[in-house]
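J.: Below is the file upload-v5.cif, with mmCIF, C-alpha atoms.
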```cif
data_run
#
loop_
_atom_site.label_atom_id
_atom_site.label_comp_id
_atom_site.auth_asym_id
_atom_site.auth_seq_id
_atom_site.Cartn_x
_atom_site.Cartn_y
_atom_site.Cartn_z
CA MET A 1 9.66 -69.84 27.17
CA LYS A 2 7.02 -72.37 28.24
CA VAL A 3 7.75 -74.52 25.19
CA VAL A 4 11.47 -74.50 26.03
CA ARG A 5 10.69 -75.69 29.55
CA VAL A 6 8.55 -78.48 28.11
CA ILE A 7 11.30 -79.52 25.68
CA ASN A 8 13.80 -79.64 28.52
CA SER A 9 11.47 -81.96 30.41
CA ILE A 10 11.55 -84.56 27.58
CA PRO A 11 14.65 -86.78 28.02
CA GLY A 12 16.61 -87.06 24.77
CA TYR A 13 14.71 -84.42 22.80
CA TYR A 14 17.83 -82.74 21.38
CA GLU A 15 19.52 -86.11 20.77
CA LEU A 16 16.51 -87.08 18.64
CA LEU A 17 16.87 -83.92 16.56
CA LYS A 18 20.55 -84.75 16.00
CA LEU A 19 19.57 -88.29 14.94
CA TYR A 20 17.12 -86.89 12.40
CA GLU A 21 19.78 -84.52 11.09
CA GLU A 22 22.23 -87.43 10.72
CA ILE A 23 19.64 -89.46 8.79
CA ASP A 24 18.80 -86.59 6.45
CA LYS A 25 22.46 -85.95 5.66
CA LYS A 26 23.14 -89.64 5.03
CA ILE A 27 20.17 -89.95 2.68
CA ALA A 28 21.20 -86.76 0.88
CA ARG A 29 24.66 -88.27 0.29
CA LEU A 30 23.06 -91.51 -0.90
CA LYS A 31 20.89 -89.64 -3.39
CA GLU A 32 23.85 -87.64 -4.65
CA LYS A 33 26.04 -90.72 -5.03
CA THR A 34 23.45 -92.95 -6.71
CA THR A 35 20.83 -90.60 -8.28
CA LEU A 36 18.25 -92.62 -6.38
CA SER A 37 15.08 -90.60 -5.89
CA CYS A 38 11.34 -90.92 -5.55
CA ILE A 39 9.24 -90.87 -8.72
CA LEU A 40 8.23 -87.28 -9.42
CA GLY A 41 4.80 -86.58 -7.96
CA CYS A 42 4.45 -90.01 -6.34
CA ARG A 43 2.71 -90.10 -2.96
CA LYS A 44 1.97 -93.80 -2.67
CA CYS A 45 3.70 -94.21 0.71
CA CYS A 46 1.58 -91.37 2.15
CA GLU A 47 -1.56 -93.07 0.84
CA THR A 48 -0.93 -96.10 3.05
CA SER A 49 -3.59 -96.73 5.68
CA ALA A 50 -2.68 -94.96 8.93
CA GLU A 51 -3.14 -98.26 10.78
CA ASN A 52 -0.23 -99.74 8.83
CA ILE A 53 2.22 -96.93 9.65
CA GLN A 54 3.49 -97.85 13.11
CA VAL A 55 5.59 -95.29 15.00
CA SER A 56 6.50 -94.37 18.56
CA ILE A 57 5.29 -91.33 20.48
CA PHE A 58 8.88 -90.15 20.95
CA GLU A 59 9.46 -89.81 17.19
CA LEU A 60 6.58 -87.34 17.03
CA ILE A 61 7.48 -85.12 19.98
CA PRO A 62 9.21 -82.55 17.70
CA LEU A 63 6.05 -82.46 15.59
CA ALA A 64 3.85 -82.00 18.66
CA VAL A 65 6.06 -79.14 19.90
CA GLU A 66 5.80 -77.43 16.51
CA LEU A 67 2.00 -77.84 16.44
CA TRP A 68 1.63 -76.20 19.85
CA LYS A 69 4.02 -73.40 18.88
CA ASN A 70 2.01 -72.46 15.77
CA ASP A 71 -1.43 -73.03 17.34
CA SER A 72 -2.24 -76.02 15.11
CA ALA A 73 -2.40 -78.69 17.83
CA ASN A 74 -6.14 -78.56 18.46
CA ILE A 75 -6.87 -78.46 14.72
CA ILE A 76 -4.93 -81.70 14.19
CA LEU A 77 -6.58 -83.32 17.23
CA GLU A 78 -10.01 -82.49 15.81
CA LYS A 79 -9.07 -83.96 12.43
CA ILE A 80 -7.90 -87.17 14.08
CA ASP A 81 -11.13 -87.44 16.09
CA ASP A 82 -13.24 -86.78 12.99
CA GLN A 83 -11.74 -89.41 10.72
CA GLU A 84 -11.59 -93.19 10.79
CA LEU A 85 -8.31 -94.61 12.09
CA SER A 86 -7.97 -96.80 8.99
CA LYS A 87 -7.71 -93.76 6.73
CA ASN A 88 -4.57 -91.85 5.80
CA CYS A 89 -2.18 -90.11 8.13
CA VAL A 90 -3.77 -86.88 9.31
CA LEU A 91 -0.76 -84.94 7.98
CA TYR A 92 -1.22 -86.20 4.41
CA VAL A 93 -2.06 -83.59 1.76
CA ARG A 94 -3.10 -84.88 -1.67
CA ASP A 95 -2.68 -81.62 -3.55
CA SER A 96 0.91 -81.31 -4.84
CA LEU A 97 0.48 -77.56 -5.34
CA ILE A 98 -0.16 -77.15 -1.61
CA CYS A 99 2.46 -79.63 -0.44
CA LYS A 100 5.51 -80.07 -2.68
CA ASN A 101 7.68 -82.17 -0.30
CA GLY A 102 5.95 -85.47 -0.82
CA GLY A 103 2.51 -85.49 0.77
CA CYS A 104 3.40 -84.44 4.32
CA SER A 105 2.17 -81.09 5.60
CA PHE A 106 4.86 -81.17 8.32
CA TYR A 107 7.65 -82.79 6.29
CA LYS A 108 10.47 -81.47 8.47
CA HIS A 109 9.02 -83.21 11.53
CA ARG A 110 8.14 -86.60 10.02
CA PRO A 111 9.04 -89.78 11.96
CA LEU A 112 11.78 -92.34 11.24
CA ILE A 113 9.84 -94.59 8.88
CA CYS A 114 8.85 -91.65 6.70
CA ARG A 115 12.44 -90.39 6.53
CA LEU A 116 13.98 -93.75 5.69
CA PHE A 117 11.33 -95.40 3.52
CA GLY A 118 12.79 -96.18 0.11
CA PHE A 119 16.29 -95.05 1.07
CA SER A 120 17.40 -97.53 3.71
CA ALA A 121 18.57 -101.08 4.22
CA VAL A 122 17.17 -104.15 5.88
CA MET A 123 19.47 -106.71 7.44
CA ASN A 124 19.33 -110.15 5.80
CA LYS A 125 19.82 -113.49 7.56
CA TYR A 126 23.57 -113.19 7.04
CA GLY A 127 23.68 -109.86 8.86
CA LYS A 128 24.37 -107.90 5.67
CA ARG A 129 22.58 -104.82 4.43
CA GLU A 130 20.14 -105.05 1.53
CA LEU A 131 18.70 -101.96 -0.12
CA SER A 132 14.96 -101.77 0.40
CA VAL A 133 13.04 -99.58 -2.05
CA CYS A 134 9.32 -99.17 -2.54
CA LYS A 135 7.78 -101.37 -5.25
CA PHE A 136 6.99 -98.37 -7.45
CA MET A 137 10.60 -97.19 -7.50
CA GLY A 138 11.76 -100.75 -8.10
CA SER A 139 9.43 -101.50 -11.00
CA SER A 140 10.03 -98.22 -12.86
CA ARG A 141 13.83 -98.13 -12.46
CA ASN A 142 14.77 -101.79 -12.12
CA GLU A 143 18.19 -101.61 -13.83
CA LEU A 144 19.22 -98.53 -11.86
CA ILE A 145 18.06 -100.09 -8.58
CA GLN A 146 20.16 -103.21 -9.22
CA GLU A 147 23.19 -101.07 -10.06
CA ILE A 148 22.71 -99.11 -6.86
CA ARG A 149 22.39 -102.31 -4.84
CA ASN A 150 25.71 -103.53 -6.18
CA LYS A 151 27.34 -100.19 -5.38
CA VAL A 152 26.15 -99.43 -1.87
CA GLU A 153 24.93 -102.57 -0.14
CA ASP A 154 26.83 -103.43 3.02
CA SER A 155 28.50 -100.02 2.99
CA GLY A 156 28.35 -97.12 5.37
CA ASP A 157 26.45 -95.10 2.75
CA LEU A 158 23.28 -97.13 3.28
CA PRO A 159 21.37 -96.38 6.51
CA ALA A 160 19.66 -99.35 8.15
CA TYR A 161 16.17 -98.71 9.50
CA SER A 162 16.53 -101.25 12.31
CA GLU A 163 19.76 -99.63 13.55
CA TYR A 164 18.21 -96.17 13.73
CA THR A 165 15.14 -97.56 15.44
CA GLN A 166 17.31 -99.12 18.12
CA ARG A 167 19.22 -95.88 18.59
CA MET A 168 15.99 -93.92 18.86
CA MET A 169 14.64 -96.30 21.51
CA GLY A 170 17.91 -96.07 23.41
CA ILE A 171 17.59 -92.27 23.60
CA ASN A 172 14.18 -92.45 25.31
CA PRO A 173 13.06 -96.03 26.10
CA TYR A 174 9.89 -94.88 27.87
CA LEU A 175 8.41 -93.01 24.87
CA GLY A 176 10.34 -94.81 22.13
CA GLN A 177 9.65 -98.46 22.91
CA ASN A 178 5.97 -98.94 22.06
CA ARG A 179 4.60 -98.38 18.58
CA TYR A 180 1.15 -97.19 17.52
CA PRO A 181 -0.73 -96.38 14.30
CA ILE A 182 0.60 -92.99 13.25
CA ASN A 183 -2.56 -91.00 13.96
CA ILE A 184 -2.75 -92.44 17.48
CA ALA A 185 0.93 -91.68 18.05
CA ILE A 186 0.43 -88.09 16.81
CA LYS A 187 -2.55 -87.65 19.13
CA ASN A 188 -0.66 -89.05 22.13
CA ALA A 189 2.36 -86.83 21.43
CA ILE A 190 0.19 -83.70 21.11
CA GLU A 191 -1.69 -84.50 24.30
CA LEU A 192 1.54 -85.17 26.20
CA ILE A 193 3.03 -81.80 25.24
CA GLY A 194 -0.30 -80.10 25.91
CA TYR A 195 -0.48 -81.62 29.37
CA LYS A 196 3.03 -80.45 30.19
CA LEU A 197 2.21 -76.93 28.97
CA MET A 198 -0.90 -76.90 31.16
CA LEU A 199 1.12 -77.93 34.22
CA ILE A 200 3.59 -75.10 33.62
CA GLU A 201 0.76 -72.58 33.17
CA ASN A 202 -0.92 -73.73 36.40
CA LEU A 203 2.38 -73.55 38.27
CA GLU A 204 3.05 -70.04 37.00
CA SER A 205 -0.46 -68.84 37.88
CA ASP A 206 -0.09 -70.24 41.42
CA THR A 207 3.19 -68.41 41.97
CA GLN A 208 1.66 -65.15 40.76
CA LYS A 209 -1.26 -65.23 43.20
CA PRO A 210 -0.98 -62.54 45.91
CA GLU A 211 -0.33 -63.69 49.46
CA TYR A 212 -2.85 -62.60 52.06
CA SER A 213 -2.04 -62.17 55.72
CA VAL A 214 -4.62 -62.66 58.42
#
```
When written as structure tokens, how does the structure in this file appear?
T.:
Amino acid sequence: MKVVRVINSIPGYYELLKLYEEIDKKIARLKEKTTLSCILGCRKCCETSAENIQVSIFELIPLAVELWKNDSANIILEKIDDQELSKNCVLYVRDSLICKNGGCSFYKHRPLICRLFGFSAVMNKYGKRELSVCKFMGSSRNELIQEIRNKVEDSGDLPAYSEYTQRMMGINPYLGQNRYPINIAIKNAIELIGYKLMLIENLESDTQKPEYSV
């Protein structure tokens, strides 16, 4: 109940979930239409330095809510405080037996860049979409990548990262505008939800105090 009240206090929370659902469906259709997929077992994007993965706090609110719900919030905060900011994202798991969906321990709640990386378009100087894939996908499947580019570029099947970023910021400009290294953004999102939970708990405890008459 407390978590629901916190969620309702975050403008655009449910709109963000719908945006993520739209992205996932569009990428699923793209994969089905083109057979484009990550290299089996590859986790190179997750091995990027956390400083180089820039995201907004708003994108990670669903993650923060989930962490508080399953009592993992303080564990993640401790991990962030214990490691250097230049290292990997705190959610990264190297062992493929533990984490089969890429390298993310909270794959369902990953931010925009992690959802769209390798399966989205960038806008060129002519305002047209160009498929952007990671260099490992491109080098190992060069002929297929070129065939896919010819098939889907400048079509509605290819999601553009910049367009979804603008839509995300429009849903909640206050939390969606500024970008931070991913571990900092995760920490800020967790602390924001934690603060709101604490306020609700304090409010509830105040209302439950007995009234004394003189």
J.: Just to confirm, what's the straight-line distance from atom CA of A:Ile193 to atom CA of A:Lys18 in Å (one decimal)?
T.: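 Atom CA of A:Lys18 lies 20.0 Å from atom CA of A:Ile193.
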J.: Here is a test: counting only C-alpha atoms, which residue of A:Met123, A:Met169, A:Val90, A:Val133 is nearest to A:Ile76?
T.: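 So, comparing all the options, the nearest one is A:Val90.
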J.: Translate the PyMOL selection byres ((chain A and resi 185) around 9) into a concrete residue list for this structure, as a PyMOL selection string.
T.: chain A and resi 54-60+179-184+186-190
J.: Evaluate the PyMOL selection byres ((chain A and resi 165) around 12) against this structure - the residues, as a PyMOL selection string, please.
T.: chain A and resi 16+19-20+23+54-56+58-59+111-113+115-116+120+122+159-164+166-173+176-179
J.: Hey, which of A:Cys45, A:Val6, A:Ile39, A:Leu203 ends up closest to A:Trp68? Count only C-alpha atoms.
T.: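 That would be A:Val6, the residue with the smallest distance to A:Trp68.
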J.: Hey, can you check how far atom CA of A:Glu66 sits from atom CA of A:Lys108?
T.: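 Spanning atom CA of A:Glu66 to atom CA of A:Lys108 is a straight-line distance of 10.1 Å.
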J.: Of the residues A:Lys135, A:Asp157, A:Lys79, A:Gly118, which is the one nearest to A:Arg29, using all atoms listed in the file?
T.: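 Nearest candidate to A:Arg29 out of A:Lys135, A:Asp157, A:Lys79, A:Gly118: A:Asp157.
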J.: Figure out the distance between atom CA of A:Cys104 and atom CA of A:Tyr92, please, to one decimal in Å.
T.: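 Taking atom CA of A:Tyr92 as the start and atom CA of A:Cys104 as the end point, the length is 4.9 Å.
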J.: When the PyMOL selection byres ((chain A and resi 200) around 12) is applied to the structure above, which residues does it catch, written out as JSON, numbers by chain?
T.: {"A": [1, 2, 3, 4, 5, 6, 7, 9, 193, 194, 195, 196, 197, 198, 199, 201, 202, 203, 204, 205, 206, 207]}
J.: Based on the selection just made, write C-alpha atoms of those residues as a JSON list (two decimals), in the frame of the given file.
T.:
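That gives us again-v3.json:
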```json
[["chain", "number", "residue", "atom", "x", "y", "z"],
["A", 1, "MET", "CA", 9.66, -69.84, 27.17],
["A", 2, "LYS", "CA", 7.02, -72.37, 28.24],
["A", 3, "VAL", "CA", 7.75, -74.52, 25.19],
["A", 4, "VAL", "CA", 11.47, -74.50, 26.03],
["A", 5, "ARG", "CA", 10.69, -75.69, 29.55],
["A", 6, "VAL", "CA", 8.55, -78.48, 28.11],
["A", 7, "ILE", "CA", 11.30, -79.52, 25.68],
["A", 9, "SER", "CA", 11.47, -81.96, 30.41],
["A", 193, "ILE", "CA", 3.03, -81.80, 25.24],
["A", 194, "GLY", "CA", -0.30, -80.10, 25.91],
["A", 195, "TYR", "CA", -0.48, -81.62, 29.37],
["A", 196, "LYS", "CA", 3.03, -80.45, 30.19],
["A", 197, "LEU", "CA", 2.21, -76.93, 28.97],
["A", 198, "MET", "CA", -0.90, -76.90, 31.16],
["A", 199, "LEU", "CA", 1.12, -77.93, 34.22],
["A", 201, "GLU", "CA", 0.76, -72.58, 33.17],
["A", 202, "ASN", "CA", -0.92, -73.73, 36.40],
["A", 203, "LEU", "CA", 2.38, -73.55, 38.27],
["A", 204, "GLU", "CA", 3.05, -70.04, 37.00],
["A", 205, "SER", "CA", -0.46, -68.84, 37.88],
["A", 206, "ASP", "CA", -0.09, -70.24, 41.42],
["A", 207, "THR", "CA", 3.19, -68.41, 41.97]]
```
